[in-house]
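Participant: Sharing coords_28.cif, mmCIF, C-alpha atoms (C1' of nucleotides):
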data_data
#
loop_
_atom_site.group_PDB
_atom_site.id
_atom_site.type_symbol
_atom_site.label_atom_id
_atom_site.label_comp_id
_atom_site.auth_asym_id
_atom_site.auth_seq_id
_atom_site.Cartn_x
_atom_site.Cartn_y
_atom_site.Cartn_z
ATOM 1 C CA MET A 1 41.769 1.180 -1.209
ATOM 2 C CA SER A 2 40.381 2.790 1.916
ATOM 3 C CA LYS A 3 39.839 6.515 2.354
ATOM 4 C CA LYS A 4 42.386 6.451 5.155
ATOM 5 C CA ARG A 5 45.119 5.064 2.960
ATOM 6 C CA LEU A 6 44.113 7.365 0.141
ATOM 7 C CA GLY A 7 44.966 10.401 2.227
ATOM 8 C CA ASN A 8 48.480 9.166 2.756
ATOM 9 C CA VAL A 9 48.970 8.325 -0.900
ATOM 10 C CA TRP A 10 47.850 11.609 -2.418
ATOM 11 C CA MET A 11 48.998 14.172 0.073
ATOM 12 C CA GLY A 12 52.438 15.454 0.966
ATOM 13 C CA GLU A 13 55.893 14.958 -0.497
ATOM 14 C CA THR A 14 55.832 11.176 -0.573
ATOM 15 C CA CYS A 15 53.310 11.103 -3.415
ATOM 16 C CA PRO A 16 55.365 9.936 -6.399
ATOM 17 C CA ILE A 17 53.314 11.961 -8.866
ATOM 18 C CA ARG A 18 54.017 15.117 -6.944
ATOM 19 C CA GLN A 19 57.711 14.312 -6.775
ATOM 20 C CA VAL A 20 57.910 13.955 -10.534
ATOM 21 C CA LEU A 21 55.833 17.092 -11.117
ATOM 22 C CA ASP A 22 57.913 19.107 -8.671
ATOM 23 C CA ARG A 23 61.089 18.107 -10.438
ATOM 24 C CA PHE A 24 60.020 18.211 -14.082
ATOM 25 C CA GLY A 25 56.965 20.452 -14.134
ATOM 26 C CA ASP A 26 59.010 23.563 -14.797
ATOM 27 C CA LYS A 27 59.188 25.317 -18.139
ATOM 28 C CA TRP A 28 62.553 24.114 -19.466
ATOM 29 C CA SER A 29 63.929 20.916 -17.860
ATOM 30 C CA ILE A 30 62.098 18.416 -20.064
ATOM 31 C CA LEU A 31 62.773 20.424 -23.199
ATOM 32 C CA ILE A 32 66.512 20.550 -22.498
ATOM 33 C CA ILE A 33 66.672 16.846 -21.683
ATOM 34 C CA GLU A 34 64.980 15.964 -24.946
ATOM 35 C CA LEU A 35 67.214 18.363 -26.871
ATOM 36 C CA LEU A 36 70.372 16.855 -25.395
ATOM 37 C CA SER A 37 68.988 13.417 -26.135
ATOM 38 C CA GLN A 38 68.621 14.192 -29.815
ATOM 39 C CA GLU A 39 71.761 16.288 -30.287
ATOM 40 C CA GLY A 40 74.194 14.691 -27.847
ATOM 41 C CA LYS A 41 76.888 17.005 -26.506
ATOM 42 C CA LEU A 42 76.017 20.719 -26.739
ATOM 43 C CA ARG A 43 77.592 23.962 -25.642
ATOM 44 C CA PHE A 44 75.746 26.502 -23.520
ATOM 45 C CA SER A 45 75.336 28.873 -26.439
ATOM 46 C CA GLU A 46 74.162 26.092 -28.763
ATOM 47 C CA ILE A 47 71.352 25.176 -26.379
ATOM 48 C CA ALA A 48 70.408 28.821 -26.048
ATOM 49 C CA GLN A 49 70.292 29.357 -29.800
ATOM 50 C CA THR A 50 68.392 26.174 -30.542
ATOM 51 C CA ILE A 51 65.678 26.849 -28.004
ATOM 52 C CA GLY A 52 65.620 30.460 -29.060
ATOM 53 C CA ASP A 53 63.362 32.025 -26.456
ATOM 54 C CA ILE A 54 65.024 30.957 -23.220
ATOM 55 C CA SER A 55 66.803 33.686 -21.274
ATOM 56 C CA GLN A 56 70.396 33.270 -20.240
ATOM 57 C CA LYS A 57 69.330 33.260 -16.628
ATOM 58 C CA MET A 58 66.788 30.474 -16.999
ATOM 59 C CA LEU A 59 69.173 28.378 -19.064
ATOM 60 C CA THR A 60 71.822 28.717 -16.381
ATOM 61 C CA VAL A 61 69.386 27.948 -13.579
ATOM 62 C CA THR A 62 67.869 24.958 -15.358
ATOM 63 C CA LEU A 63 71.186 23.458 -16.408
ATOM 64 C CA ARG A 64 72.536 23.868 -12.892
ATOM 65 C CA SER A 65 69.560 22.058 -11.391
ATOM 66 C CA LEU A 66 69.793 19.261 -13.958
ATOM 67 C CA GLU A 67 73.481 18.917 -13.172
ATOM 68 C CA SER A 68 72.787 19.019 -9.456
ATOM 69 C CA ASP A 69 70.353 16.130 -9.744
ATOM 70 C CA GLY A 70 72.709 14.059 -11.854
ATOM 71 C CA LEU A 71 70.565 14.185 -14.988
ATOM 72 C CA VAL A 72 73.106 16.126 -17.036
ATOM 73 C CA THR A 73 76.901 16.255 -16.967
ATOM 74 C CA ARG A 74 78.778 19.504 -17.328
ATOM 75 C CA ARG A 75 82.308 19.643 -18.692
ATOM 76 C CA PHE A 76 84.290 22.846 -18.430
ATOM 77 C CA TYR A 77 87.257 23.510 -20.734
ATOM 78 C CA PRO A 78 89.443 26.315 -19.304
ATOM 79 C CA GLU A 79 90.370 27.731 -22.680
ATOM 80 C CA ILE A 80 90.105 31.363 -23.668
ATOM 81 C CA PRO A 81 87.325 31.959 -24.332
ATOM 82 C CA PRO A 82 86.034 29.191 -22.065
ATOM 83 C CA ARG A 83 83.954 26.356 -23.443
ATOM 84 C CA VAL A 84 81.335 24.315 -21.544
ATOM 85 C CA GLU A 85 79.670 21.189 -22.844
ATOM 86 C CA TYR A 86 76.532 19.588 -21.533
ATOM 87 C CA GLU A 87 75.435 16.013 -22.091
ATOM 88 C CA LEU A 88 72.840 13.652 -20.672
ATOM 89 C CA SER A 89 73.973 11.279 -17.950
ATOM 90 C CA ASP A 90 72.811 7.654 -17.942
ATOM 91 C CA LEU A 91 70.138 8.674 -15.461
ATOM 92 C CA GLY A 92 68.980 11.453 -17.744
ATOM 93 C CA ARG A 93 68.961 9.130 -20.739
ATOM 94 C CA SER A 94 66.812 6.641 -18.845
ATOM 95 C CA LEU A 95 64.082 9.258 -18.637
ATOM 96 C CA VAL A 96 63.968 10.024 -22.348
ATOM 97 C CA PRO A 97 61.715 7.156 -23.498
ATOM 98 C CA HIS A 98 59.051 8.211 -21.006
ATOM 99 C CA ILE A 99 59.182 11.804 -22.195
ATOM 100 C CA GLU A 100 58.804 10.610 -25.744
ATOM 101 C CA GLN A 101 55.775 8.518 -24.789
ATOM 102 C CA LEU A 102 54.127 11.675 -23.527
ATOM 103 C CA THR A 103 55.209 13.662 -26.554
ATOM 104 C CA GLY A 104 53.798 10.977 -28.817
ATOM 105 C CA TRP A 105 50.468 11.137 -27.014
ATOM 106 C CA GLY A 106 50.548 14.885 -27.456
ATOM 107 C CA GLN A 107 51.138 14.663 -31.180
ATOM 108 C CA ALA A 108 48.249 12.241 -31.485
ATOM 109 C CA HIS A 109 45.730 14.115 -29.362
ATOM 110 C CA MET A 110 46.679 17.758 -28.920
ATOM 111 C CA ALA A 111 44.715 18.899 -31.953
ATOM 112 C CA THR A 112 41.602 17.275 -30.484
ATOM 113 C CA ILE A 113 42.240 19.001 -27.170
ATOM 114 C CA MET A 114 42.540 22.389 -28.820
ATOM 115 C CA GLU A 115 39.354 21.794 -30.777
ATOM 116 C CA ASN A 116 37.536 20.704 -27.603
ATOM 117 C CA ARG A 117 38.725 23.868 -25.919
ATOM 118 C CA ARG A 118 37.459 25.989 -28.790
ATOM 119 C CA LEU A 119 34.042 24.310 -28.722
ATOM 120 C CA PHE A 120 33.784 24.646 -24.949
ATOM 121 C CA GLU A 121 34.574 28.339 -25.166
ATOM 122 C CA ALA A 122 31.992 28.785 -27.926
ATOM 123 C CA LYS A 123 29.306 27.145 -25.765
ATOM 124 C CA ARG A 124 30.290 29.307 -22.837
ATOM 125 C CA MET A 125 29.957 32.421 -24.970
ATOM 126 C CA GLU A 126 26.489 31.640 -26.287
ATOM 127 C CA LYS A 127 25.200 31.236 -22.734
ATOM 128 C CA ASN A 128 26.178 34.848 -21.965
ATOM 129 C CA MET B 129 69.040 17.045 -38.643
ATOM 130 C CA SER B 130 70.282 20.416 -39.867
ATOM 131 C CA LYS B 131 70.636 23.459 -37.665
ATOM 132 C CA LYS B 132 68.060 25.214 -39.772
ATOM 133 C CA ARG B 133 65.409 22.574 -39.196
ATOM 134 C CA LEU B 134 66.308 22.386 -35.514
ATOM 135 C CA GLY B 135 65.239 25.954 -34.986
ATOM 136 C CA ASN B 136 61.793 25.207 -36.307
ATOM 137 C CA VAL B 137 61.424 22.059 -34.245
ATOM 138 C CA TRP B 138 62.346 23.439 -30.850
ATOM 139 C CA MET B 139 60.967 26.922 -30.958
ATOM 140 C CA GLY B 140 57.443 28.220 -30.847
ATOM 141 C CA GLU B 141 54.074 26.626 -30.215
ATOM 142 C CA THR B 142 54.388 23.836 -32.755
ATOM 143 C CA CYS B 143 56.973 22.017 -30.652
ATOM 144 C CA PRO B 144 55.090 18.990 -29.321
ATOM 145 C CA ILE B 145 57.049 18.921 -26.072
ATOM 146 C CA ARG B 146 56.060 22.477 -25.328
ATOM 147 C CA GLN B 147 52.435 21.751 -26.119
ATOM 148 C CA VAL B 148 52.369 18.908 -23.614
ATOM 149 C CA LEU B 149 54.231 20.948 -21.005
ATOM 150 C CA ASP B 150 51.947 23.925 -21.458
ATOM 151 C CA ARG B 151 48.899 21.757 -20.950
ATOM 152 C CA PHE B 152 50.055 19.404 -18.198
ATOM 153 C CA GLY B 153 52.967 21.183 -16.561
ATOM 154 C CA ASP B 154 50.754 22.859 -13.986
ATOM 155 C CA LYS B 155 50.565 21.783 -10.365
ATOM 156 C CA TRP B 156 47.289 19.834 -10.302
ATOM 157 C CA SER B 157 46.099 18.531 -13.694
ATOM 158 C CA ILE B 158 48.134 15.324 -13.755
ATOM 159 C CA LEU B 159 47.414 14.606 -10.106
ATOM 160 C CA ILE B 160 43.665 14.914 -10.625
ATOM 161 C CA ILE B 161 43.732 12.764 -13.761
ATOM 162 C CA GLU B 162 45.569 10.017 -11.935
ATOM 163 C CA LEU B 163 43.238 10.299 -8.943
ATOM 164 C CA LEU B 164 40.156 9.991 -11.125
ATOM 165 C CA SER B 165 41.770 7.070 -12.905
ATOM 166 C CA GLN B 166 42.186 5.162 -9.664
ATOM 167 C CA GLU B 167 38.946 6.140 -7.979
ATOM 168 C CA GLY B 168 36.544 6.481 -10.920
ATOM 169 C CA LYS B 169 33.674 8.906 -10.376
ATOM 170 C CA LEU B 170 34.306 11.503 -7.656
ATOM 171 C CA ARG B 171 32.480 14.527 -6.290
ATOM 172 C CA PHE B 172 34.090 17.943 -6.058
ATOM 173 C CA SER B 173 34.438 17.691 -2.295
ATOM 174 C CA GLU B 174 35.838 14.164 -2.472
ATOM 175 C CA ILE B 175 38.624 15.324 -4.764
ATOM 176 C CA ALA B 176 39.326 18.275 -2.496
ATOM 177 C CA GLN B 177 39.492 16.116 0.622
ATOM 178 C CA THR B 178 41.614 13.411 -0.961
ATOM 179 C CA ILE B 179 44.216 15.818 -2.284
ATOM 180 C CA GLY B 180 44.082 17.736 0.947
ATOM 181 C CA ASP B 181 46.144 20.814 0.185
ATOM 182 C CA ILE B 182 44.495 22.127 -2.968
ATOM 183 C CA SER B 183 42.495 25.339 -2.573
ATOM 184 C CA GLN B 184 38.876 25.478 -3.690
ATOM 185 C CA LYS B 185 39.815 28.002 -6.325
ATOM 186 C CA MET B 186 42.567 25.921 -7.888
ATOM 187 C CA LEU B 187 40.396 22.812 -7.858
ATOM 188 C CA THR B 188 37.652 24.694 -9.669
ATOM 189 C CA VAL B 189 40.050 26.216 -12.183
ATOM 190 C CA THR B 190 41.823 22.929 -12.876
ATOM 191 C CA LEU B 191 38.637 20.876 -13.215
ATOM 192 C CA ARG B 192 37.155 23.472 -15.553
ATOM 193 C CA SER B 193 40.217 23.390 -17.790
ATOM 194 C CA LEU B 194 40.244 19.594 -17.822
ATOM 195 C CA GLU B 195 36.570 19.613 -18.729
ATOM 196 C CA SER B 196 37.136 22.272 -21.361
ATOM 197 C CA ASP B 197 39.788 20.161 -23.058
ATOM 198 C CA GLY B 198 37.638 17.030 -23.000
ATOM 199 C CA LEU B 199 39.846 15.143 -20.564
ATOM 200 C CA VAL B 200 37.243 14.986 -17.806
ATOM 201 C CA THR B 201 33.453 14.853 -17.861
ATOM 202 C CA ARG B 202 31.360 16.860 -15.426
ATOM 203 C CA ARG B 203 27.855 15.799 -14.431
ATOM 204 C CA PHE B 204 25.675 18.166 -12.478
ATOM 205 C CA TYR B 205 22.718 16.890 -10.420
ATOM 206 C CA PRO B 206 20.345 19.759 -9.603
ATOM 207 C CA GLU B 207 19.423 18.434 -6.172
ATOM 208 C CA ILE B 208 19.481 20.388 -2.948
ATOM 209 C CA PRO B 209 22.235 20.544 -1.988
ATOM 210 C CA PRO B 210 23.661 20.192 -5.508
ATOM 211 C CA ARG B 211 25.937 17.315 -6.421
ATOM 212 C CA VAL B 212 28.598 17.294 -9.125
ATOM 213 C CA GLU B 213 30.501 14.243 -10.277
ATOM 214 C CA TYR B 214 33.731 14.195 -12.243
ATOM 215 C CA GLU B 215 35.049 11.290 -14.249
ATOM 216 C CA LEU B 216 37.769 10.712 -16.829
ATOM 217 C CA SER B 217 36.728 10.779 -20.467
ATOM 218 C CA ASP B 218 38.123 8.236 -22.929
ATOM 219 C CA LEU B 219 40.647 10.854 -23.972
ATOM 220 C CA GLY B 220 41.673 11.390 -20.371
ATOM 221 C CA ARG B 221 41.943 7.660 -19.783
ATOM 222 C CA SER B 222 44.197 7.297 -22.814
ATOM 223 C CA LEU B 223 46.741 9.514 -21.104
ATOM 224 C CA VAL B 224 46.904 7.543 -17.866
ATOM 225 C CA PRO B 225 49.384 4.822 -18.929
ATOM 226 C CA HIS B 226 51.897 7.477 -19.945
ATOM 227 C CA ILE B 227 51.545 9.273 -16.638
ATOM 228 C CA GLU B 228 52.120 6.012 -14.849
ATOM 229 C CA GLN B 229 55.253 5.364 -16.893
ATOM 230 C CA LEU B 230 56.637 8.631 -15.585
ATOM 231 C CA THR B 231 55.510 7.931 -12.062
ATOM 232 C CA GLY B 232 57.162 4.537 -12.218
ATOM 233 C CA TRP B 233 60.409 6.119 -13.328
ATOM 234 C CA GLY B 234 60.093 8.545 -10.428
ATOM 235 C CA GLN B 235 59.628 5.775 -7.898
ATOM 236 C CA ALA B 236 62.675 4.009 -9.262
ATOM 237 C CA HIS B 237 65.007 7.003 -9.440
ATOM 238 C CA MET B 238 63.792 9.879 -7.293
ATOM 239 C CA ALA B 239 65.757 8.767 -4.246
ATOM 240 C CA THR B 240 68.933 8.825 -6.346
ATOM 241 C CA ILE B 241 68.088 12.291 -7.582
ATOM 242 C CA MET B 242 67.596 13.616 -4.077
ATOM 243 C CA GLU B 243 70.874 12.067 -2.978
ATOM 244 C CA ASN B 244 72.673 13.568 -5.982
ATOM 245 C CA ARG B 245 71.213 16.933 -5.079
ATOM 246 C CA ARG B 246 72.395 16.605 -1.507
ATOM 247 C CA LEU B 247 75.918 15.666 -2.599
ATOM 248 C CA PHE B 248 76.057 18.527 -5.111
ATOM 249 C CA GLU B 249 75.006 20.996 -2.469
ATOM 250 C CA ALA B 250 77.620 19.626 -0.060
ATOM 251 C CA LYS B 251 80.358 20.099 -2.676
ATOM 252 C CA ARG B 252 79.137 23.599 -3.356
ATOM 253 C CA MET B 253 79.300 24.443 0.336
ATOM 254 C CA GLU B 254 82.845 23.213 0.864
ATOM 255 C CA LYS B 255 84.075 25.437 -1.949
ATOM 256 C CA ASN B 256 82.823 28.503 -0.072
ATOM 257 C "C1'" DC C 257 81.909 32.414 -23.728
ATOM 258 C "C1'" DA C 258 79.519 31.264 -19.900
ATOM 259 C "C1'" DG C 259 78.219 32.599 -16.262
ATOM 260 C "C1'" DC C 260 76.424 35.376 -11.505
ATOM 261 C "C1'" DA C 261 73.835 39.199 -8.940
ATOM 262 C "C1'" DT C 262 70.230 42.317 -8.714
ATOM 263 C "C1'" DC C 263 66.120 44.465 -9.726
ATOM 264 C "C1'" DC C 264 61.496 44.511 -11.199
ATOM 265 C "C1'" DG C 265 57.236 43.342 -13.777
ATOM 266 C "C1'" DA C 266 54.132 39.553 -14.698
ATOM 267 C "C1'" DT C 267 51.972 35.558 -13.632
ATOM 268 C "C1'" DT C 268 50.163 32.357 -10.200
ATOM 269 C "C1'" DA C 269 47.917 30.870 -6.402
ATOM 270 C "C1'" DG C 270 46.004 31.354 -1.535
ATOM 271 C "C1'" DA C 271 42.583 33.656 1.615
ATOM 272 C "C1'" DT C 272 38.326 35.589 2.196
ATOM 273 C "C1'" DA C 273 33.621 36.796 1.383
ATOM 274 C "C1'" DC C 274 29.531 35.798 -0.965
ATOM 275 C "C1'" DT C 275 25.728 32.865 -3.732
ATOM 276 C "C1'" DG C 276 22.194 29.572 -6.358
ATOM 277 C "C1'" DC D 277 27.555 21.551 -1.979
ATOM 278 C "C1'" DA D 278 29.864 23.607 -5.425
ATOM 279 C "C1'" DG D 279 30.932 27.064 -6.992
ATOM 280 C "C1'" DT D 280 32.186 32.777 -8.312
ATOM 281 C "C1'" DA D 281 34.537 37.264 -7.415
ATOM 282 C "C1'" DT D 282 37.975 39.946 -5.487
ATOM 283 C "C1'" DC D 283 42.080 41.087 -3.194
ATOM 284 C "C1'" DT D 284 46.560 40.129 -1.875
ATOM 285 C "C1'" DA D 285 50.973 37.409 -1.152
ATOM 286 C "C1'" DA D 286 54.329 34.603 -3.172
ATOM 287 C "C1'" DT D 287 56.752 32.882 -7.012
ATOM 288 C "C1'" DC D 288 58.684 33.026 -11.506
ATOM 289 C "C1'" DG D 289 61.091 34.709 -15.093
ATOM 290 C "C1'" DG D 290 63.007 38.530 -18.084
ATOM 291 C "C1'" DA D 291 66.242 42.546 -18.513
ATOM 292 C "C1'" DT D 292 70.336 44.564 -17.298
ATOM 293 C "C1'" DG D 293 75.006 45.098 -15.737
ATOM 294 C "C1'" DC D 294 79.212 42.971 -14.414
ATOM 295 C "C1'" DT D 295 83.127 39.231 -14.391
ATOM 296 C "C1'" DG D 296 86.981 35.434 -14.965
#
Would you mind writing the file's structure down as structure tokens?
Facilitator:
Amino acid sequence: MSKKRLGNVWMGETCPIRQVLDRFGDKWSILIIELLSQEGKLRFSEIAQTIGDISQKMLTVTLRSLESDGLVTRRFYPEIPPRVEYELSDLGRSLVPHIEQLTGWGQAHMATIMENRRLFEAKRMEKN
Amino acid sequence: MSKKRLGNVWMGETCPIRQVLDRFGDKWSILIIELLSQEGKLRFSEIAQTIGDISQKMLTVTLRSLESDGLVTRRFYPEIPPRVEYELSDLGRSLVPHIEQLTGWGQAHMATIMENRRLFEAKRMEKN
DNA sequence: CAGCATCCGATTAGATACTG
DNA sequence: CAGTATCTAATCGGATGCTG
């Protein structure tokens, strides 16, 4: 692969890695997708309570963007009080196996990473 | 899975999804890992030029964190001018297939996502 | 209940200047 | 060349108040 082609591949918005990172690199999208995958249909308040430390604002924003992109479906029941249910779309479900690949890698290697980080920090300290 | 257990799974720092997101959800780590995977050994300036729009500061910070976690090796040659080469470690290489799974999904579905987003926005506009 | 609007503090990242 | 240090601008996300 020539340097010239490289530039086109890695820069700008056409780079597929950047596209995926831009879409899913935020704090909550992946977590909500995986939660909906495991629990199926969930209400707004159920998602909020399960995650625990997400603010109402961020849950709203994240769900809206997932809905906007067709990854999650939103069903509104005009009862009193109103009820809203969220569920993965087929598109959203198709992403789940890939997320779980990454999660699996994390479970296998994250302890090593944390230990590496600790050792690196220790070395850095003894130099100063 | 009971509600009680759910809380423990999805909250806090033991959640494996959050661990992976915390580590790799930043703007540059994944991109640099994939770049090093495809190009092998690269100098600091080669990475900078290939990516194009990363600042010197962020490249330094990201490479240092990747090195710290044992995902990338750094070799320093005390010549004048100095030369530094970065390369994936075995640990870093073990992550690459999973990244490429995600990238593959992105290439297959990102156009659909963007179109969904456009349609959603259009619907939103016509309501106002 | 499930949102939206606004404000504001915290974190992040770019620009710039300097160095072994 | 490959950084470090500092300052500043932009972004992100939490808290609060209000609504159908």
Participant: Mind checking which residues fall within 8 Å of A:Ser37, counting all atoms listed in the file, ignoring those fewer than 3 positions away in the same chain, and posting them as a ChimeraX atom specification?
Facilitator: /A:33-34,40,88,93,96
Participant: Determine, for each residue of chain D having at least one atom at most 12 Å from an atom of chain B, the closest pair of atoms and their separation in Å to one decimal, counting only C-alpha atoms (C1' of nucleotides); order by chain and ascending number, as JSON lines.
Facilitator:
{"residue": "D:DC277", "atom": "C1'", "partner": "B:Pro209", "partner_atom": "CA", "distance": 5.4}
{"residue": "D:DA278", "atom": "C1'", "partner": "B:Pro210", "partner_atom": "CA", "distance": 7.1}
{"residue": "D:DG279", "atom": "C1'", "partner": "B:Thr188", "partner_atom": "CA", "distance": 7.6}
{"residue": "D:DT280", "atom": "C1'", "partner": "B:Lys185", "partner_atom": "CA", "distance": 9.2}
{"residue": "D:DA281", "atom": "C1'", "partner": "B:Lys185", "partner_atom": "CA", "distance": 10.7}
Participant: Return as a tab-separated table the residues of chain A lying at most 7 Å from chain B, together with the closest atom-to-atom pair for each and the distance in Å to one decimal, counting only C-alpha atoms, with rows in chain order and ascending residue number.
Facilitator:
residue	atom	partner	partner_atom	distance
A:Leu6	CA	B:Thr178	CA	6.6
A:Gly7	CA	B:Thr178	CA	5.5
A:Trp10	CA	B:Ile179	CA	5.6
A:Met11	CA	B:Ile179	CA	5.6
A:Pro16	CA	B:Thr231	CA	6.0
A:Ile17	CA	B:Thr231	CA	5.6
A:Val20	CA	B:Gly234	CA	5.8
A:Gly25	CA	B:Gly153	CA	4.7
A:Asp26	CA	B:Gly153	CA	6.7
A:Leu31	CA	B:Ile145	CA	6.6
A:Thr50	CA	B:Gly135	CA	5.5
A:Ile51	CA	B:Trp138	CA	5.6
A:Gly52	CA	B:Met139	CA	6.1
A:Ser68	CA	B:Arg245	CA	5.1
A:Asp69	CA	B:Arg245	CA	4.8
A:Gly70	CA	B:Asn244	CA	5.9
A:His98	CA	B:Leu230	CA	5.9
A:Gln101	CA	B:His226	CA	6.3
A:Leu102	CA	B:His226	CA	6.0
A:Thr103	CA	B:Ile145	CA	5.6
A:Gly106	CA	B:Val148	CA	5.9
A:Gln107	CA	B:Pro144	CA	6.1
A:Ile113	CA	B:Asp197	CA	4.9
A:Met114	CA	B:Asp197	CA	6.8
A:Asn116	CA	B:Asp197	CA	5.1
A:Arg117	CA	B:Asp197	CA	4.8
A:Phe120	CA	B:Ser196	CA	5.5
Participant: Expanded to explicit residues, what is the PyMOL selection byres ((chain C) within 12 of (chain A)) for this file, as a PyMOL selection string?
Facilitator: chain C and resi 257-261
Participant: Please give chain B as a compact mmCIF listing (two decimals) with C-alpha atoms, in the coordinates of the input, after it has been superposed on chain A by least squares over all Cα atoms paired in order.
Facilitator:
# COMPACT_ATOMS: atom_id res chain seq x y z
CA MET B 129 41.83 1.19 -1.28
CA SER B 130 40.40 2.72 1.88
CA LYS B 131 39.77 6.42 2.34
CA LYS B 132 42.28 6.43 5.15
CA ARG B 133 45.09 5.09 3.00
CA LEU B 134 44.10 7.40 0.16
CA GLY B 135 44.91 10.43 2.24
CA ASN B 136 48.43 9.23 2.78
CA VAL B 137 48.96 8.37 -0.86
CA TRP B 138 47.85 11.63 -2.42
CA MET B 139 48.99 14.18 0.07
CA GLY B 140 52.41 15.45 0.97
CA GLU B 141 55.86 14.95 -0.49
CA THR B 142 55.81 11.17 -0.55
CA CYS B 143 53.30 11.10 -3.39
CA PRO B 144 55.35 9.94 -6.38
CA ILE B 145 53.31 11.97 -8.85
CA ARG B 146 54.03 15.13 -6.94
CA GLN B 147 57.72 14.32 -6.76
CA VAL B 148 57.91 13.96 -10.53
CA LEU B 149 55.85 17.10 -11.09
CA ASP B 150 57.93 19.11 -8.67
CA ARG B 151 61.11 18.09 -10.44
CA PHE B 152 60.04 18.18 -14.09
CA GLY B 153 56.97 20.39 -14.14
CA ASP B 154 58.99 23.52 -14.82
CA LYS B 155 59.15 25.22 -18.19
CA TRP B 156 62.55 24.08 -19.48
CA SER B 157 63.92 20.89 -17.86
CA ILE B 158 62.11 18.38 -20.06
CA LEU B 159 62.78 20.40 -23.20
CA ILE B 160 66.51 20.53 -22.51
CA ILE B 161 66.68 16.82 -21.69
CA GLU B 162 64.99 15.94 -24.95
CA LEU B 163 67.21 18.35 -26.88
CA LEU B 164 70.36 16.85 -25.41
CA SER B 165 69.00 13.40 -26.15
CA GLN B 166 68.63 14.19 -29.83
CA GLU B 167 71.75 16.28 -30.30
CA GLY B 168 74.20 14.68 -27.86
CA LYS B 169 76.88 17.02 -26.52
CA LEU B 170 76.00 20.72 -26.75
CA ARG B 171 77.57 23.98 -25.64
CA PHE B 172 75.73 26.51 -23.52
CA SER B 173 75.29 28.87 -26.44
CA GLU B 174 74.14 26.09 -28.76
CA ILE B 175 71.35 25.18 -26.37
CA ALA B 176 70.38 28.82 -26.03
CA GLN B 177 70.28 29.37 -29.79
CA THR B 178 68.39 26.17 -30.53
CA ILE B 179 65.67 26.84 -28.00
CA GLY B 180 65.58 30.45 -29.04
CA ASP B 181 63.33 32.03 -26.44
CA ILE B 182 64.98 30.94 -23.20
CA SER B 183 66.74 33.69 -21.24
CA GLN B 184 70.37 33.28 -20.23
CA LYS B 185 69.33 33.25 -16.61
CA MET B 186 66.77 30.48 -16.96
CA LEU B 187 69.15 28.39 -19.05
CA THR B 188 71.81 28.71 -16.37
CA VAL B 189 69.38 27.93 -13.56
CA THR B 190 67.86 24.95 -15.34
CA LEU B 191 71.19 23.44 -16.41
CA ARG B 192 72.55 23.84 -12.89
CA SER B 193 69.56 22.04 -11.40
CA LEU B 194 69.80 19.25 -13.97
CA GLU B 195 73.49 18.90 -13.19
CA SER B 196 72.81 19.00 -9.47
CA ASP B 197 70.36 16.12 -9.74
CA GLY B 198 72.72 14.03 -11.86
CA LEU B 199 70.58 14.17 -14.99
CA VAL B 200 73.11 16.12 -17.04
CA THR B 201 76.90 16.25 -16.99
CA ARG B 202 78.78 19.52 -17.34
CA ARG B 203 82.32 19.67 -18.70
CA PHE B 204 84.28 22.87 -18.45
CA TYR B 205 87.26 23.55 -20.74
CA PRO B 206 89.40 26.36 -19.32
CA GLU B 207 90.32 27.81 -22.70
CA ILE B 208 90.04 31.42 -23.72
CA PRO B 209 87.26 32.00 -24.39
CA PRO B 210 85.96 29.24 -22.10
CA ARG B 211 83.91 26.37 -23.46
CA VAL B 212 81.33 24.33 -21.57
CA GLU B 213 79.68 21.19 -22.86
CA TYR B 214 76.51 19.59 -21.55
CA GLU B 215 75.45 16.01 -22.10
CA LEU B 216 72.85 13.64 -20.69
CA SER B 217 73.99 11.28 -17.96
CA ASP B 218 72.84 7.65 -17.93
CA LEU B 219 70.17 8.67 -15.45
CA GLY B 220 69.01 11.45 -17.74
CA ARG B 221 68.98 9.12 -20.73
CA SER B 222 66.84 6.63 -18.82
CA LEU B 223 64.11 9.23 -18.63
CA VAL B 224 63.99 10.00 -22.34
CA PRO B 225 61.73 7.12 -23.49
CA HIS B 226 59.07 8.19 -21.00
CA ILE B 227 59.21 11.77 -22.18
CA GLU B 228 58.81 10.58 -25.73
CA GLN B 229 55.79 8.50 -24.76
CA LEU B 230 54.15 11.67 -23.53
CA THR B 231 55.22 13.65 -26.55
CA GLY B 232 53.81 10.96 -28.79
CA TRP B 233 50.49 11.13 -26.99
CA GLY B 234 50.56 14.89 -27.44
CA GLN B 235 51.15 14.64 -31.17
CA ALA B 236 48.27 12.21 -31.46
CA HIS B 237 45.74 14.11 -29.35
CA MET B 238 46.69 17.75 -28.92
CA ALA B 239 44.73 18.88 -31.96
CA THR B 240 41.61 17.27 -30.47
CA ILE B 241 42.25 19.01 -27.18
CA MET B 242 42.56 22.40 -28.82
CA GLU B 243 39.36 21.80 -30.77
CA ASN B 244 37.55 20.71 -27.60
CA ARG B 245 38.75 23.88 -25.92
CA ARG B 246 37.49 26.00 -28.79
CA LEU B 247 34.07 24.32 -28.72
CA PHE B 248 33.81 24.68 -24.94
CA GLU B 249 34.61 28.35 -25.16
CA ALA B 250 32.03 28.82 -27.92
CA LYS B 251 29.34 27.19 -25.76
CA ARG B 252 30.34 29.35 -22.84
CA MET B 253 30.02 32.48 -24.97
CA GLU B 254 26.55 31.70 -26.29
CA LYS B 255 25.25 31.31 -22.75
CA ASN B 256 26.23 34.91 -21.99
Participant: In Å, with one decimal, what is the gap from atom CA of A:Met125 to atom CA of B:Thr201?
Facilitator: 19.3 Å
